[in-house]
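**Q** Structure file my_file_21.cif, mmCIF, C-alpha atoms and all ligand atoms, is pasted below:
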```cif
data_start
loop_
_atom_site.group_PDB
_atom_site.id
_atom_site.type_symbol
_atom_site.label_atom_id
_atom_site.label_comp_id
_atom_site.auth_asym_id
_atom_site.auth_seq_id
_atom_site.Cartn_x
_atom_site.Cartn_y
_atom_site.Cartn_z
ATOM 1 C CA MET A 238 -22.198 7.413 18.577
ATOM 2 C CA LEU A 239 -20.459 7.972 15.249
ATOM 3 C CA TYR A 240 -21.655 10.420 12.610
ATOM 4 C CA VAL A 241 -21.318 10.256 8.847
ATOM 5 C CA TYR A 242 -21.615 12.820 6.086
ATOM 6 C CA LEU A 243 -24.031 11.693 3.368
ATOM 7 C CA ASN A 244 -24.966 13.931 0.425
ATOM 8 C CA GLY A 245 -24.755 17.219 2.317
ATOM 9 C CA GLU A 246 -26.056 16.040 5.678
ATOM 10 C CA THR A 247 -24.266 14.947 8.828
ATOM 11 C CA ILE A 248 -26.281 12.210 10.522
ATOM 12 C CA ALA A 249 -25.859 9.309 12.938
ATOM 13 C CA ARG A 250 -24.234 6.362 11.157
ATOM 14 C CA GLU A 251 -27.140 4.059 12.086
ATOM 15 C CA GLN A 252 -29.560 6.409 10.352
ATOM 16 C CA ALA A 253 -27.626 6.786 7.083
ATOM 17 C CA ARG A 254 -29.451 5.206 4.115
ATOM 18 C CA VAL A 255 -28.515 4.782 0.455
ATOM 19 C CA SER A 256 -30.926 3.699 -2.287
ATOM 20 C CA VAL A 257 -30.912 0.059 -3.401
ATOM 21 C CA LEU A 258 -30.473 1.488 -6.909
ATOM 22 C CA ASP A 259 -27.232 3.250 -5.998
ATOM 23 C CA ARG A 260 -24.685 2.168 -8.595
ATOM 24 C CA GLY A 261 -22.077 1.774 -5.874
ATOM 25 C CA PHE A 262 -24.290 -0.952 -4.383
ATOM 26 C CA ILE A 263 -25.454 -2.483 -7.694
ATOM 27 C CA PHE A 264 -22.230 -2.389 -9.751
ATOM 28 C CA GLY A 265 -19.408 -1.276 -7.444
ATOM 29 C CA ASP A 266 -19.480 1.831 -9.681
ATOM 30 C CA ALA A 267 -17.580 3.991 -7.205
ATOM 31 C CA VAL A 268 -14.198 5.136 -5.938
ATOM 32 C CA TYR A 269 -12.946 5.740 -2.418
ATOM 33 C CA GLU A 270 -10.125 7.034 -0.271
ATOM 34 C CA VAL A 271 -8.872 6.225 3.241
ATOM 35 C CA ILE A 272 -7.023 8.909 5.193
ATOM 36 C CA PRO A 273 -5.399 8.493 8.609
ATOM 37 C CA VAL A 274 -5.977 11.272 11.125
ATOM 38 C CA TYR A 275 -3.533 11.982 13.948
ATOM 39 C CA ASP A 276 -4.520 14.287 16.760
ATOM 40 C CA GLY A 277 -7.496 15.539 14.761
ATOM 41 C CA LEU A 278 -5.464 16.314 11.611
ATOM 42 C CA PRO A 279 -5.647 14.415 8.322
ATOM 43 C CA PHE A 280 -2.148 13.120 7.499
ATOM 44 C CA LEU A 281 -0.884 13.714 3.933
ATOM 45 C CA TRP A 282 -4.201 15.340 3.028
ATOM 46 C CA ASP A 283 -3.033 16.832 -0.283
ATOM 47 C CA GLU A 284 -1.690 13.494 -1.492
ATOM 48 C CA HIS A 285 -4.925 11.679 -0.636
ATOM 49 C CA MET A 286 -6.995 14.435 -2.255
ATOM 50 C CA ARG A 287 -4.918 14.251 -5.441
ATOM 51 C CA ARG A 288 -5.456 10.497 -5.638
ATOM 52 C CA LEU A 289 -9.208 10.887 -5.025
ATOM 53 C CA GLU A 290 -9.380 13.484 -7.815
ATOM 54 C CA ARG A 291 -7.531 11.048 -10.114
ATOM 55 C CA SER A 292 -9.826 8.144 -9.226
ATOM 56 C CA ILE A 293 -12.950 10.267 -9.767
ATOM 57 C CA ALA A 294 -11.674 11.408 -13.184
ATOM 58 C CA ALA A 295 -10.574 7.867 -14.126
ATOM 59 C CA ILE A 296 -14.160 6.585 -13.929
ATOM 60 C CA GLY A 297 -15.564 9.622 -15.755
ATOM 61 C CA LEU A 298 -17.235 11.389 -12.834
ATOM 62 C CA CYS A 299 -17.218 15.107 -12.083
ATOM 63 C CA ASN A 300 -15.650 15.881 -8.732
ATOM 64 C CA PRO A 301 -18.608 16.979 -6.585
ATOM 65 C CA TYR A 302 -16.518 19.390 -4.478
ATOM 66 C CA PRO A 303 -13.361 21.486 -4.751
ATOM 67 C CA ALA A 304 -10.482 20.401 -2.473
ATOM 68 C CA ASN A 305 -11.139 23.069 0.168
ATOM 69 C CA GLN A 306 -14.778 21.986 0.492
ATOM 70 C CA TRP A 307 -13.693 18.350 0.896
ATOM 71 C CA LEU A 308 -11.305 19.472 3.637
ATOM 72 C CA GLY A 309 -14.073 21.382 5.432
ATOM 73 C CA ILE A 310 -16.404 18.367 5.314
ATOM 74 C CA VAL A 311 -13.693 16.047 6.605
ATOM 75 C CA GLN A 312 -12.518 18.432 9.343
ATOM 76 C CA ARG A 313 -16.072 18.948 10.613
ATOM 77 C CA LEU A 314 -16.710 15.199 10.670
ATOM 78 C CA ILE A 315 -13.452 14.504 12.516
ATOM 79 C CA ALA A 316 -14.458 17.066 15.168
ATOM 80 C CA ARG A 317 -18.010 15.663 15.375
ATOM 81 C CA ASN A 318 -16.586 12.175 15.927
ATOM 82 C CA GLY A 319 -14.394 13.330 18.791
ATOM 83 C CA GLY A 320 -11.056 14.270 17.180
ATOM 84 C CA GLY A 321 -7.925 12.349 18.155
ATOM 85 C CA ASP A 322 -6.687 9.546 15.923
ATOM 86 C CA GLN A 323 -9.206 8.410 13.321
ATOM 87 C CA SER A 324 -9.473 6.763 9.952
ATOM 88 C CA VAL A 325 -11.543 8.734 7.427
ATOM 89 C CA TYR A 326 -13.281 6.891 4.584
ATOM 90 C CA ILE A 327 -14.572 8.839 1.561
ATOM 91 C CA GLN A 328 -16.695 7.171 -1.116
ATOM 92 C CA VAL A 329 -18.107 8.716 -4.278
ATOM 93 C CA THR A 330 -20.496 6.593 -6.343
ATOM 94 C CA ARG A 331 -21.897 7.436 -9.776
ATOM 95 C CA GLY A 332 -25.291 7.871 -8.085
ATOM 96 C CA VAL A 333 -28.794 6.425 -8.215
ATOM 97 C CA ALA A 334 -30.394 5.342 -11.504
ATOM 98 C CA GLU A 335 -32.503 2.565 -13.033
ATOM 99 C CA ARG A 336 -30.223 -0.464 -13.407
ATOM 100 C CA GLU A 337 -28.499 -0.142 -16.782
ATOM 101 C CA HIS A 338 -24.798 -0.745 -17.342
ATOM 102 C CA ALA A 339 -24.309 2.379 -19.486
ATOM 103 C CA LEU A 340 -26.047 5.651 -18.698
ATOM 104 C CA SER A 341 -27.033 8.211 -21.326
ATOM 105 C CA GLU A 342 -27.041 11.180 -18.915
ATOM 106 C CA PRO A 343 -24.743 12.008 -15.994
ATOM 107 C CA ILE A 344 -26.478 11.745 -12.625
ATOM 108 C CA GLU A 345 -25.904 13.232 -9.187
ATOM 109 C CA PRO A 346 -23.095 11.315 -7.432
ATOM 110 C CA THR A 347 -23.594 9.882 -3.967
ATOM 111 C CA VAL A 348 -21.021 11.192 -1.474
ATOM 112 C CA LEU A 349 -20.333 9.384 1.779
ATOM 113 C CA VAL A 350 -17.714 10.343 4.350
ATOM 114 C CA MET A 351 -17.310 8.192 7.468
ATOM 115 C CA SER A 352 -14.748 8.199 10.218
ATOM 116 C CA ARG A 353 -13.974 5.914 13.116
ATOM 117 C CA PRO A 354 -11.286 5.709 15.762
ATOM 118 C CA LEU A 355 -7.961 4.588 14.314
ATOM 119 C CA ILE A 356 -7.086 1.296 15.963
ATOM 120 C CA ALA A 357 -3.464 1.506 17.081
ATOM 121 C CA HIS A 358 -1.727 -1.707 15.993
ATOM 122 C CA ALA A 359 1.791 -2.438 17.124
ATOM 123 C CA ALA A 360 4.041 -2.707 14.059
ATOM 124 C CA GLU A 361 4.584 -6.369 14.795
ATOM 125 C CA PRO A 362 5.994 -8.723 12.168
ATOM 126 C CA VAL A 363 3.253 -10.383 10.131
ATOM 127 C CA ALA A 364 2.843 -13.540 8.082
ATOM 128 C CA ALA A 365 2.251 -13.233 4.330
ATOM 129 C CA VAL A 366 1.533 -15.713 1.584
ATOM 130 C CA THR A 367 1.968 -15.383 -2.151
ATOM 131 C CA ASP A 368 -1.025 -15.712 -4.452
ATOM 132 C CA THR A 369 -1.960 -15.066 -8.075
ATOM 133 C CA ASP A 370 -3.065 -11.513 -8.794
ATOM 134 C CA THR A 371 -6.592 -12.151 -10.049
ATOM 135 C CA ARG A 372 -7.586 -8.470 -10.176
ATOM 136 C CA TRP A 373 -8.511 -6.326 -13.166
ATOM 137 C CA GLN A 374 -6.306 -4.084 -15.323
ATOM 138 C CA MET A 375 -7.037 -0.788 -13.535
ATOM 139 C CA CYS A 376 -5.487 -1.430 -10.127
ATOM 140 C CA ASP A 377 -4.141 2.159 -10.117
ATOM 141 C CA VAL A 378 -7.716 3.395 -9.584
ATOM 142 C CA LYS A 379 -8.922 3.206 -5.985
ATOM 143 C CA ALA A 380 -12.230 1.595 -6.902
ATOM 144 C CA THR A 381 -14.659 0.114 -4.385
ATOM 145 C CA ALA A 382 -15.084 -3.003 -6.557
ATOM 146 C CA LEU A 383 -12.748 -4.995 -4.316
ATOM 147 C CA LEU A 384 -14.141 -8.513 -4.664
ATOM 148 C CA ALA A 385 -10.830 -9.994 -5.842
ATOM 149 C CA ASN A 386 -8.934 -8.219 -3.029
ATOM 150 C CA VAL A 387 -11.458 -9.436 -0.465
ATOM 151 C CA LEU A 388 -11.237 -13.046 -1.671
ATOM 152 C CA LEU A 389 -7.436 -12.907 -1.753
ATOM 153 C CA ARG A 390 -7.281 -11.502 1.796
ATOM 154 C CA GLN A 391 -9.727 -14.163 2.938
ATOM 155 C CA ARG A 392 -7.641 -16.923 1.347
ATOM 156 C CA ALA A 393 -4.571 -15.484 3.066
ATOM 157 C CA ALA A 394 -6.405 -15.430 6.413
ATOM 158 C CA ALA A 395 -7.480 -19.049 5.885
ATOM 159 C CA ARG A 396 -3.765 -19.879 5.474
ATOM 160 C CA GLY A 397 -3.031 -18.085 8.768
ATOM 161 C CA ALA A 398 -1.557 -14.995 7.102
ATOM 162 C CA TYR A 399 -2.261 -11.297 7.410
ATOM 163 C CA GLU A 400 -1.635 -10.400 3.772
ATOM 164 C CA ALA A 401 -1.487 -11.931 0.298
ATOM 165 C CA ILE A 402 1.474 -10.746 -1.786
ATOM 166 C CA LEU A 403 0.263 -10.855 -5.355
ATOM 167 C CA VAL A 404 2.133 -12.103 -8.399
ATOM 168 C CA ARG A 405 1.142 -11.391 -12.009
ATOM 169 C CA ASP A 406 3.018 -12.855 -14.988
ATOM 170 C CA GLY A 407 5.882 -13.883 -12.702
ATOM 171 C CA PHE A 408 6.320 -10.447 -11.084
ATOM 172 C CA VAL A 409 5.276 -9.078 -7.695
ATOM 173 C CA THR A 410 2.575 -6.418 -7.936
ATOM 174 C CA GLU A 411 1.434 -5.496 -4.407
ATOM 175 C CA GLY A 412 -0.478 -6.810 -1.409
ATOM 176 C CA ALA A 413 -4.261 -7.286 -1.456
ATOM 177 C CA ALA A 414 -4.463 -4.022 0.545
ATOM 178 C CA SER A 415 -0.865 -2.761 0.721
ATOM 179 C CA ASN A 416 2.226 -1.979 -1.352
ATOM 180 C CA VAL A 417 5.272 -4.231 -1.149
ATOM 181 C CA PHE A 418 8.949 -3.398 -0.579
ATOM 182 C CA VAL A 419 11.716 -5.991 -0.828
ATOM 183 C CA VAL A 420 15.269 -5.606 0.531
ATOM 184 C CA ASN A 421 18.218 -7.546 -0.872
ATOM 185 C CA ASP A 422 21.835 -6.806 0.077
ATOM 186 C CA GLY A 423 20.983 -3.323 1.357
ATOM 187 C CA LEU A 424 18.991 -2.319 -1.758
ATOM 188 C CA VAL A 425 15.305 -1.497 -1.263
ATOM 189 C CA ARG A 426 13.060 -2.257 -4.234
ATOM 190 C CA THR A 427 9.376 -1.707 -4.907
ATOM 191 C CA PRO A 428 7.463 -2.297 -8.145
ATOM 192 C CA PRO A 429 7.106 0.841 -10.305
ATOM 193 C CA CYS A 430 3.759 2.645 -10.635
ATOM 194 C CA SER A 431 1.619 1.184 -13.417
ATOM 195 C CA HIS A 432 -1.967 0.020 -13.941
ATOM 196 C CA ARG A 433 -0.966 -3.078 -11.939
ATOM 197 C CA ILE A 434 -0.663 -1.357 -8.557
ATOM 198 C CA LEU A 435 -2.290 1.344 -6.485
ATOM 199 C CA PRO A 436 0.055 4.318 -6.167
ATOM 200 C CA GLY A 437 0.125 4.158 -2.379
ATOM 201 C CA VAL A 438 0.502 7.399 -0.465
ATOM 202 C CA THR A 439 2.607 5.570 2.137
ATOM 203 C CA ARG A 440 4.706 3.966 -0.627
ATOM 204 C CA ALA A 441 5.488 7.426 -2.069
ATOM 205 C CA LEU A 442 6.443 8.827 1.337
ATOM 206 C CA VAL A 443 8.656 5.815 2.128
ATOM 207 C CA LEU A 444 10.465 6.242 -1.206
ATOM 208 C CA GLU A 445 10.902 9.967 -0.565
ATOM 209 C CA LEU A 446 12.299 9.347 2.929
ATOM 210 C CA LEU A 447 14.702 6.663 1.674
ATOM 211 C CA ARG A 448 15.959 8.943 -1.114
ATOM 212 C CA THR A 449 16.308 11.956 1.171
ATOM 213 C CA HIS A 450 18.372 9.902 3.615
ATOM 214 C CA ALA A 451 20.520 8.274 0.931
ATOM 215 C CA VAL A 452 19.242 4.736 1.509
ATOM 216 C CA PRO A 453 19.707 2.889 -1.818
ATOM 217 C CA CYS A 454 16.283 2.269 -3.351
ATOM 218 C CA VAL A 455 14.781 1.711 -6.781
ATOM 219 C CA GLU A 456 11.351 1.361 -8.327
ATOM 220 C CA GLN A 457 11.881 -1.832 -10.273
ATOM 221 C CA GLU A 458 9.999 -4.973 -11.292
ATOM 222 C CA ILE A 459 10.560 -7.744 -8.744
ATOM 223 C CA ALA A 460 10.604 -11.316 -10.047
ATOM 224 C CA ALA A 461 8.569 -13.612 -7.782
ATOM 225 C CA PRO A 462 11.566 -15.845 -6.836
ATOM 226 C CA ASP A 463 13.319 -12.738 -5.427
ATOM 227 C CA LEU A 464 10.776 -12.802 -2.597
ATOM 228 C CA GLN A 465 12.156 -16.113 -1.386
ATOM 229 C CA ARG A 466 15.700 -14.769 -1.106
ATOM 230 C CA ALA A 467 14.748 -11.369 0.350
ATOM 231 C CA ASP A 468 16.522 -10.117 3.477
ATOM 232 C CA GLU A 469 13.445 -8.058 4.370
ATOM 233 C CA ILE A 470 9.918 -7.593 3.035
ATOM 234 C CA TRP A 471 7.724 -4.663 4.097
ATOM 235 C CA LEU A 472 4.037 -3.924 3.521
ATOM 236 C CA THR A 473 2.934 -0.284 3.455
ATOM 237 C CA SER A 474 -0.504 1.274 3.849
ATOM 238 C CA SER A 475 -1.953 4.438 5.352
ATOM 239 C CA THR A 476 -3.506 2.884 8.425
ATOM 240 C CA ARG A 477 -0.906 0.146 9.138
ATOM 241 C CA GLU A 478 2.095 2.241 7.992
ATOM 242 C CA ILE A 479 5.142 -0.030 7.447
ATOM 243 C CA LEU A 480 4.837 -3.663 8.524
ATOM 244 C CA PRO A 481 7.715 -6.121 8.435
ATOM 245 C CA VAL A 482 6.946 -9.561 7.002
ATOM 246 C CA ALA A 483 8.278 -12.328 9.256
ATOM 247 C CA THR A 484 7.238 -15.335 7.171
ATOM 248 C CA LEU A 485 6.353 -15.838 3.535
ATOM 249 C CA ASP A 486 4.469 -19.004 2.635
ATOM 250 C CA GLY A 487 5.513 -20.377 6.029
ATOM 251 C CA GLN A 488 9.270 -19.726 5.567
ATOM 252 C CA ALA A 489 11.202 -17.164 7.625
ATOM 253 C CA VAL A 490 12.084 -13.985 5.702
ATOM 254 C CA GLY A 491 15.766 -13.014 6.023
ATOM 255 C CA PRO A 492 18.149 -13.737 8.878
ATOM 256 C CA VAL A 493 16.286 -11.520 11.376
ATOM 257 C CA CYS A 494 12.878 -9.820 11.481
ATOM 258 C CA PRO A 495 12.392 -6.904 11.817
ATOM 259 C CA GLY A 496 15.501 -6.147 9.767
ATOM 260 C CA SER A 497 17.802 -3.175 10.231
ATOM 261 C CA LEU A 498 16.486 -1.216 7.243
ATOM 262 C CA TRP A 499 12.910 -1.609 8.475
ATOM 263 C CA THR A 500 13.983 -0.172 11.851
ATOM 264 C CA ARG A 501 15.626 2.738 10.012
ATOM 265 C CA VAL A 502 12.650 3.523 7.767
ATOM 266 C CA VAL A 503 10.152 3.306 10.624
ATOM 267 C CA ALA A 504 12.225 5.861 12.569
ATOM 268 C CA LEU A 505 12.317 8.142 9.506
ATOM 269 C CA TYR A 506 8.544 7.782 9.090
ATOM 270 C CA ALA A 507 7.913 8.568 12.772
ATOM 271 C CA GLY A 508 10.218 11.594 12.492
ATOM 272 C CA TYR A 509 8.289 12.843 9.469
ATOM 273 C CA LYS A 510 4.973 12.494 11.302
ATOM 274 C CA ALA A 511 6.343 14.411 14.279
ATOM 275 C CA GLN A 512 7.649 17.115 11.938
ATOM 276 C CA CYS A 513 4.179 17.420 10.335
ATOM 277 C CA SER A 514 2.399 17.818 13.662
ATOM 278 C CA GLY A 515 5.032 20.362 14.716
ATOM 279 C CA ALA A 516 4.438 22.321 11.496
ATOM 280 C CA VAL A 517 0.682 22.284 12.092
ATOM 281 C CA ALA A 518 1.154 23.446 15.687
ATOM 282 C CA ARG A 519 3.326 26.331 14.407
ATOM 283 C CA ASP A 520 0.684 27.203 11.773
ATOM 284 C CA ALA A 521 -2.001 27.167 14.450
ATOM 285 C CA ALA A 522 0.079 29.484 16.644
ATOM 286 C CA ARG A 523 0.425 31.817 13.628
ATOM 287 C CA GLY A 524 -3.318 31.521 12.921
ATOM 288 C CA THR A 525 -3.023 29.680 9.579
ATOM 289 C CA ALA A 526 -4.799 26.370 9.044
ATOM 290 C CA GLY A 527 -2.825 23.189 8.447
ATOM 291 C CA SER A 528 -3.762 19.665 7.430
ATOM 292 C CA GLY A 529 -0.787 17.489 8.231
ATOM 293 C CA SER A 530 1.311 17.686 5.048
ATOM 294 C CA ALA A 531 4.792 18.998 5.775
HETATM 295 C C1 LIG B 601 -4.464 -2.570 -3.159
HETATM 296 C C2 LIG B 601 -3.782 -1.560 -2.285
HETATM 297 N N1 LIG B 601 -2.503 -1.234 -2.530
HETATM 298 C C3 LIG B 601 -1.841 -0.356 -1.773
HETATM 299 C C4 LIG B 601 -2.459 0.252 -0.682
HETATM 300 C C5 LIG B 601 -1.683 1.238 0.162
HETATM 301 O O1 LIG B 601 -2.065 2.551 -0.183
HETATM 302 P P1 LIG B 601 -1.919 3.750 0.860
HETATM 303 O O2 LIG B 601 -0.513 3.755 1.321
HETATM 304 O O3 LIG B 601 -2.248 4.957 0.057
HETATM 305 O O4 LIG B 601 -2.889 3.492 1.956
HETATM 306 C C6 LIG B 601 -3.799 -0.046 -0.388
HETATM 307 C C7 LIG B 601 -4.456 0.599 0.743
HETATM 308 O O5 LIG B 601 -5.556 0.304 1.092
HETATM 309 C C8 LIG B 601 -4.478 -0.963 -1.213
HETATM 310 O O6 LIG B 601 -5.755 -1.286 -0.976
#
```
Take the structure in the file and write it out as structure tokens.
**A**
Amino acid sequence: MLYVYLNGETIAREQARVSVLDRGFIFGDAVYEVIPVYDGLPFLWDEHMRRLERSIAAIGLCNPYPANQWLGIVQRLIARNGGGDQSVYIQVTRGVAEREHALSEPIEPTVLVMSRPLIAHAAEPVAAVTDTDTRWQMCDVKATALLANVLLRQRAAARGAYEAILVRDGFVTEGAASNVFVVNDGLVRTPPCSHRILPGVTRALVLELLRTHAVPCVEQEIAAPDLQRADEIWLTSSTREILPVATLDGQAVGPVCPGSLWTRVVALYAGYKAQCSGAVARDAARGTAGSGSA
């Protein structure tokens, strides 16, 4: 049985109930975060917490808890759900109120934290398709109003693909639920942070690893036709890490998939994860708590 944290209580997931008037349910008036957990420890906790704080502020909510209280809630839930590798989902909605678009008074937010076992997927090459980015202008906020993303992913699935790579005004933005990297002639490119993309935690770590290891990379707008002549395309996200794209719109990507730079970056990523768990083990031996950020 899985447990969830809902507004101060830890209860069985089947028993958790939210009001029909919750603005998360009625309007999608809510933000969320997804954090991978390895061996009981949230990975890149500080980075995920910073993004949650940003999302909460971006929609004009007060953060219900300080960072250390969030960590306590999440750690207790991970333990209650059996530790190991999990995926933690945090959602904060504006709360419960009579249905009106604008509210005159702030209300108590609804806080939900869930976790479930992290399904280990092999990093096998995936199919992607391009599609028009039909989302709103605040894609940098991790909002639960994901109807466009859901429809785009569903259209991709109907075309036999795992992900939709989105194009707005002729330029690549990101995937429906991932960031995009494109490799041409040994140069790795990813679109710069803006309101058009979610600032992915995995994206930031991949960029940091590439820079640290002197792999040429830039944050730069990518014109849609560049996708067709890419040597490699990668999709990054917290739970699927770094996936190589084998086909785009039914055409093979590059001469070989996975490409050599993908193999390199995946090894760097795995090394970083191992370094984090080593650091946590050392902290534990010293009696200081750790959360998986090296
Ligand atoms: C639209 C979108 N972009 C990018 C990402 C990747 O972000 P992260 O690496 O922080 O998981 C996600 C993850 O769910 C996403 O939904």
**Q** For the atom pair atom CA of A:Ser431 and atom CA of A:Asp377, what is the interatomic distance in Å to one decimal place?
**A**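 So the two atoms, atom CA of A:Ser431 and atom CA of A:Asp377, lie 6.7 Å apart.
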**Q** Would you mind listing, for every residue of chain A within 10 Å of ligand LIG 601 (chain B), the two atoms forming the shortest contact and the distance between them in Å to one decimal, using all atoms listed in the file, sorted by chain and ascending residue number, as a Markdown table?
**A**
```
| residue | atom | partner | partner_atom | distance |
| --- | --- | --- | --- | --- |
| A:Tyr269 | CA | B:LIG601 | O5 | 9.8 |
| A:Glu270 | CA | B:LIG601 | O3 | 8.2 |
| A:Val271 | CA | B:LIG601 | O4 | 6.7 |
| A:Ile272 | CA | B:LIG601 | O4 | 7.5 |
| A:Pro273 | CA | B:LIG601 | O4 | 8.7 |
| A:Leu281 | CA | B:LIG601 | O3 | 9.7 |
| A:Glu284 | CA | B:LIG601 | O3 | 8.7 |
| A:His285 | CA | B:LIG601 | O3 | 7.3 |
| A:Arg288 | CA | B:LIG601 | O3 | 8.6 |
| A:Arg372 | CA | B:LIG601 | C1 | 9.7 |
| A:Cys376 | CA | B:LIG601 | C1 | 7.1 |
| A:Asp377 | CA | B:LIG601 | C1 | 8.4 |
| A:Val378 | CA | B:LIG601 | C1 | 9.4 |
| A:Lys379 | CA | B:LIG601 | O6 | 7.4 |
| A:Ala380 | CA | B:LIG601 | O6 | 9.2 |
| A:Thr381 | CA | B:LIG601 | O6 | 9.6 |
| A:Leu383 | CA | B:LIG601 | O6 | 8.6 |
| A:Asn386 | CA | B:LIG601 | C1 | 7.2 |
| A:Val387 | CA | B:LIG601 | O6 | 10.0 |
| A:Leu403 | CA | B:LIG601 | C1 | 9.8 |
| A:Thr410 | CA | B:LIG601 | N1 | 9.0 |
| A:Glu411 | CA | B:LIG601 | N1 | 6.1 |
| A:Gly412 | CA | B:LIG601 | N1 | 6.0 |
| A:Ala413 | CA | B:LIG601 | C1 | 5.0 |
| A:Ala414 | CA | B:LIG601 | O6 | 3.4 |
| A:Ser415 | CA | B:LIG601 | C3 | 3.6 |
| A:Asn416 | CA | B:LIG601 | C3 | 4.4 |
| A:Val417 | CA | B:LIG601 | C3 | 8.1 |
| A:Arg433 | CA | B:LIG601 | C1 | 9.5 |
| A:Ile434 | CA | B:LIG601 | N1 | 6.3 |
| A:Leu435 | CA | B:LIG601 | N1 | 4.7 |
| A:Pro436 | CA | B:LIG601 | O1 | 6.6 |
| A:Gly437 | CA | B:LIG601 | O1 | 3.5 |
| A:Val438 | CA | B:LIG601 | O3 | 3.7 |
| A:Thr439 | CA | B:LIG601 | O2 | 3.7 |
| A:Arg440 | CA | B:LIG601 | O2 | 5.6 |
| A:Ala441 | CA | B:LIG601 | O2 | 7.8 |
| A:Leu442 | CA | B:LIG601 | O2 | 8.6 |
| A:Val443 | CA | B:LIG601 | O2 | 9.4 |
| A:Leu472 | CA | B:LIG601 | C5 | 8.4 |
| A:Thr473 | CA | B:LIG601 | O2 | 5.7 |
| A:Ser474 | CA | B:LIG601 | O2 | 3.5 |
| A:Ser475 | CA | B:LIG601 | O4 | 3.6 |
| A:Thr476 | CA | B:LIG601 | O4 | 6.5 |
| A:Arg477 | CA | B:LIG601 | O4 | 8.2 |
| A:Glu478 | CA | B:LIG601 | O2 | 7.3 |
| A:Ile479 | CA | B:LIG601 | O2 | 9.2 |
```
**Q** Once the PyMOL selection byres (((chain A and resi 344) around 7) and not hetatm) has been evaluated on this model, what residues remain selected, and can you format them as an MDAnalysis selection string?
**A** chainID A and resid 331:332 342:343 345:346
**Q** Take the selection from the previous step and output its residues with C-alpha atoms, as a short mmCIF file (atom, residue, chain, number, x, y, z; two decimals), in the frame of the given file.
**A**
```
data_model
loop_
_atom_site.label_atom_id
_atom_site.label_comp_id
_atom_site.auth_asym_id
_atom_site.auth_seq_id
_atom_site.Cartn_x
_atom_site.Cartn_y
_atom_site.Cartn_z
CA ARG A 331 -21.90 7.44 -9.78
CA GLY A 332 -25.29 7.87 -8.09
CA GLU A 342 -27.04 11.18 -18.92
CA PRO A 343 -24.74 12.01 -15.99
CA GLU A 345 -25.90 13.23 -9.19
CA PRO A 346 -23.10 11.32 -7.43
#
```
**Q** Take atom CA of A:Ala339 and atom CA of A:Ile293 and report the distance between them in Å, one decimal.
**A** 16.9 Å
**Q** Calculated over all atoms listed in the file, which of the candidates A:Pro429, A:Pro462, A:Gly321, A:Gly297 has the smallest distance to A:Leu340?
**A**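 For A:Leu340, the nearest of the candidates is A:Gly297.
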**Q** Name the residues in contact with A:Ala461 at a cut-off of 9 Å, using all atoms listed in the file, excluding same-chain residues fewer than 2 positions from it; report them as a ChimeraX atom specification.
**A** /A:367,404-405,407-409,459,463-465
**Q** Of the candidates A:Cys430, A:Val420, A:Ala394, A:Val274, which shows the shortest atom-to-atom distance to A:Ile356, using all atoms listed in the file?
**A**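 Of the candidates, the smallest distance to A:Ile356 is held by A:Val274.
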**Q** How many Å lie between atom CA of A:Gly397 and atom CA of A:Gln457, rounded to one decimal?
**A**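 Computed distance, atom CA of A:Gly397 to atom CA of A:Gln457, equals 29.1 Å.
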**Q** Taking into account all atoms listed in the file, which residue in the set A:Glu251, A:Asp322, A:Asp266, A:Asp276 is nearest to A:Leu298?
**A**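 Looking at the shortest contact to A:Leu298, the residue is A:Asp266.
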**Q** Can you tell me, as a list in words, which residues sit within 9 Å of (16.1, -3.9, -4.6) in the file's frame, using all atoms listed in the file?
**A**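 Selection result: Phe418, Val419, Val420, Asn421, Asp422, Gly423, Leu424, Val425, Arg426, Thr427, Pro453, Cys454, Val455, Glu456, Gln457 and Ile459 of chain A.
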**Q** I need the residue nearest A:Glu290 from this list: A:Met375, A:Ala395, A:Ile402, A:Val268. Use only C-alpha atoms for the distance.
**A**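 The answer is A:Val268, which sits nearest to A:Glu290.
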**Q** For the PyMOL selection byres (((chain A and resi 353) around 7) and not hetatm), applied here, can you spell out every residue it catches as a list in words?
**A** Gln323, Ser324, Val325, Met351, Ser352, Pro354 and Leu355 of chain A
**Q** In terms of the shortest atom-to-atom distance over all atoms listed in the file, which of A:Glu458, A:Glu445, A:Glu469, A:Asp259 is closest to A:Val333?
**A**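 Distance minimum relative to A:Val333 lands on A:Asp259.
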**Q** Taking the file as I've supplied it (selection: the PyMOL selection byres (((chain A and resi 491) around 9) and not hetatm)), which residues are included? Please answer as a PyMOL selection string.
**A** chain A and resi 465-470+483-484+489-490+492-494+496
